[in-house]
Amino acid sequence: MLNPASIIIPGKVTESASFKFAPVNQYERISEIALTRAPNILKNDGRINCEGLYGEGVVAITVSPLNPKFRSQIEDNVWPLVKIFLEKNYITVSSCGGHDDGMGDEYHVTLAIPSIEFAENIKKRISIIPNCSVYIFKTIANVRQIFTDNTSYSHKIVAKNDTRDKDLIEEYRDINYMYLRNYTEYVFLKIVLFEPGWEKLFSKDWYNTIKRKILFRYTKNKLEKLIGDKDFPVSPF
């Protein structure tokens, strides 16, 4: 189990031998923004993201559940599962309601967990659901928070799964700010229903379209029931 450290307390951030943290005033500003940002908007195709706001390739920005606008940032189809995880004290950092249009936006929820042992336990429990895949990653971020000067705040696209120490620490810090946590490390557990391409298993006629929707709804309900069950662990983090 990973030990928490005082990395989110302004003025008490320790420095690594390999790099320097930004001045404290910048992190005070990042802390404020982490709790108030809600840049994702509902698009005509039903997706909720901020694509185009920070440049090509940015799909969405994680929003704190403490933000009054949080619900507006989550797609309706995945909201019940996100809500269950939050009620059980989990940290949700990415979600998608799934879009049956062949573009690869699969139904998923990603959790940030500060313990690989606990993450492996949750993976084992969830993997019993048919058509449900569970993965554990070191990082999920493909954007970096930056200041162009001492006051201007924005995001910068970086290589996906960039695992350089400084980027990871900034990613972990952002989660701590959003969820008022205090951990030095996280792993990311991604739960995916019917990975991209599953819709190609069925022809596009009306019968298979209905069959596909019924199968998806059945599996989604089983997942929600499993997570919501009283025997499913509440996150101790």
# chains A, B, ... in the order shown; residues from 1 in each chain; ligands from 1

call {"tool": "closest_atom_pairs", "arguments": {"of": "stretch 199-233 of chain A", "to": "stretch 112-133 of chain A", "cutoff": "9 Å", "atoms": "only C-alpha atoms", "output": "tab-separated table"}}
result
residue	atom	partner	partner_atom	distance
A:Phe216	CA	A:Asn131	CA	8.9
A:Thr219	CA	A:Pro130	CA	7.0
A:Lys222	CA	A:Ile129	CA	7.2
A:Leu223	CA	A:Ile129	CA	6.6
A:Leu226	CA	A:Ile126	CA	7.7
A:Ile227	CA	A:Ile126	CA	8.1
A:Phe232	CA	A:Arg125	CA	8.4
A:Pro233	CA	A:Ile122	CA	8.1

call {"tool": "select_by_dssp", "arguments": {"residues": "stretch 49-121 of chain A", "states": "strand (DSSP E or B)", "output": "list in words"}}
result
Asn49, Ile91, Thr92, Val93, Ser94, Ser95, Cys96, Tyr107, His108, Val109, Thr110, Leu111, Ala112 and Ile113 of chain A

call {"tool": "write_last_selection", "arguments": {"atoms": "C-alpha atoms", "output": "tab-separated table (two decimals), in the first residue's frame"}}
result
chain	number	residue	atom	x	y	z
A	49	ASN	CA	-15.90	16.90	-24.34
A	91	ILE	CA	-11.87	8.49	-7.59
A	92	THR	CA	-13.24	8.62	-11.13
A	93	VAL	CA	-11.02	10.38	-13.66
A	94	SER	CA	-12.44	9.42	-17.05
A	95	SER	CA	-15.71	8.10	-18.42
A	96	CYS	CA	-17.67	7.67	-21.64
A	107	TYR	CA	-18.40	2.75	-22.66
A	108	HIS	CA	-15.86	3.02	-19.88
A	109	VAL	CA	-15.01	4.39	-16.45
A	110	THR	CA	-11.44	4.89	-15.24
A	111	LEU	CA	-10.54	4.98	-11.56
A	112	ALA	CA	-7.44	6.43	-9.88
A	113	ILE	CA	-6.32	4.13	-7.06

call {"tool": "closest_residue", "arguments": {"among": "A:Lys88, A:Lys43, A:Lys138, A:Lys213", "to": "A:Tyr186", "atoms": "only C-alpha atoms"}}
result
A:Lys138

call {"tool": "closest_residue", "arguments": {"among": "A:Leu215, A:Ile191, A:Cys50, A:Ile140", "to": "A:Val82", "atoms": "only C-alpha atoms"}}
result
A:Ile191

call {"tool": "atom_distance", "arguments": {"atom1": "atom CA of A:Asn176", "atom2": "atom CA of A:Arg47"}}
result
26.5 Å

call {"tool": "atom_distance", "arguments": {"atom1": "atom CA of A:Asp45", "atom2": "atom CA of A:Asp174"}}
result
29.2 Å

call {"tool": "atom_distance", "arguments": {"atom1": "atom CA of A:Ser72", "atom2": "atom CA of A:Gly46"}}
result
12.2 Å

call {"tool": "residues_around", "arguments": {"residues": "A:Lys69", "least_positions_apart": "6", "cutoff": "9 Å", "atoms": "only C-alpha atoms", "output": "list in words"}}
result
Thr36, Arg37, Ala38 and Val63 of chain A

call {"tool": "residues_around", "arguments": {"residues": "A:Ala34", "least_positions_apart": "5", "cutoff": "7 Å", "atoms": "only C-alpha atoms", "output": "list in words"}}
result
Ser64, Asp174, Tyr177 and Met178 of chain A

call {"tool": "residues_around", "arguments": {"residues": "A:Gly228", "least_positions_apart": "6", "cutoff": "9 Å", "atoms": "only C-alpha atoms", "output": "PyMOL selection string"}}
result
chain A and resi 81+84-85+88

call {"tool": "closest_residue", "arguments": {"among": "A:Glu106, A:Glu28, A:Glu195, A:Glu171", "to": "A:Thr62", "atoms": "only C-alpha atoms"}}
result
A:Glu171

call {"tool": "closest_residue", "arguments": {"among": "A:Val192, A:Ile169, A:Arg181, A:Ile74", "to": "A:Pro236", "atoms": "only C-alpha atoms"}}
result
A:Arg181
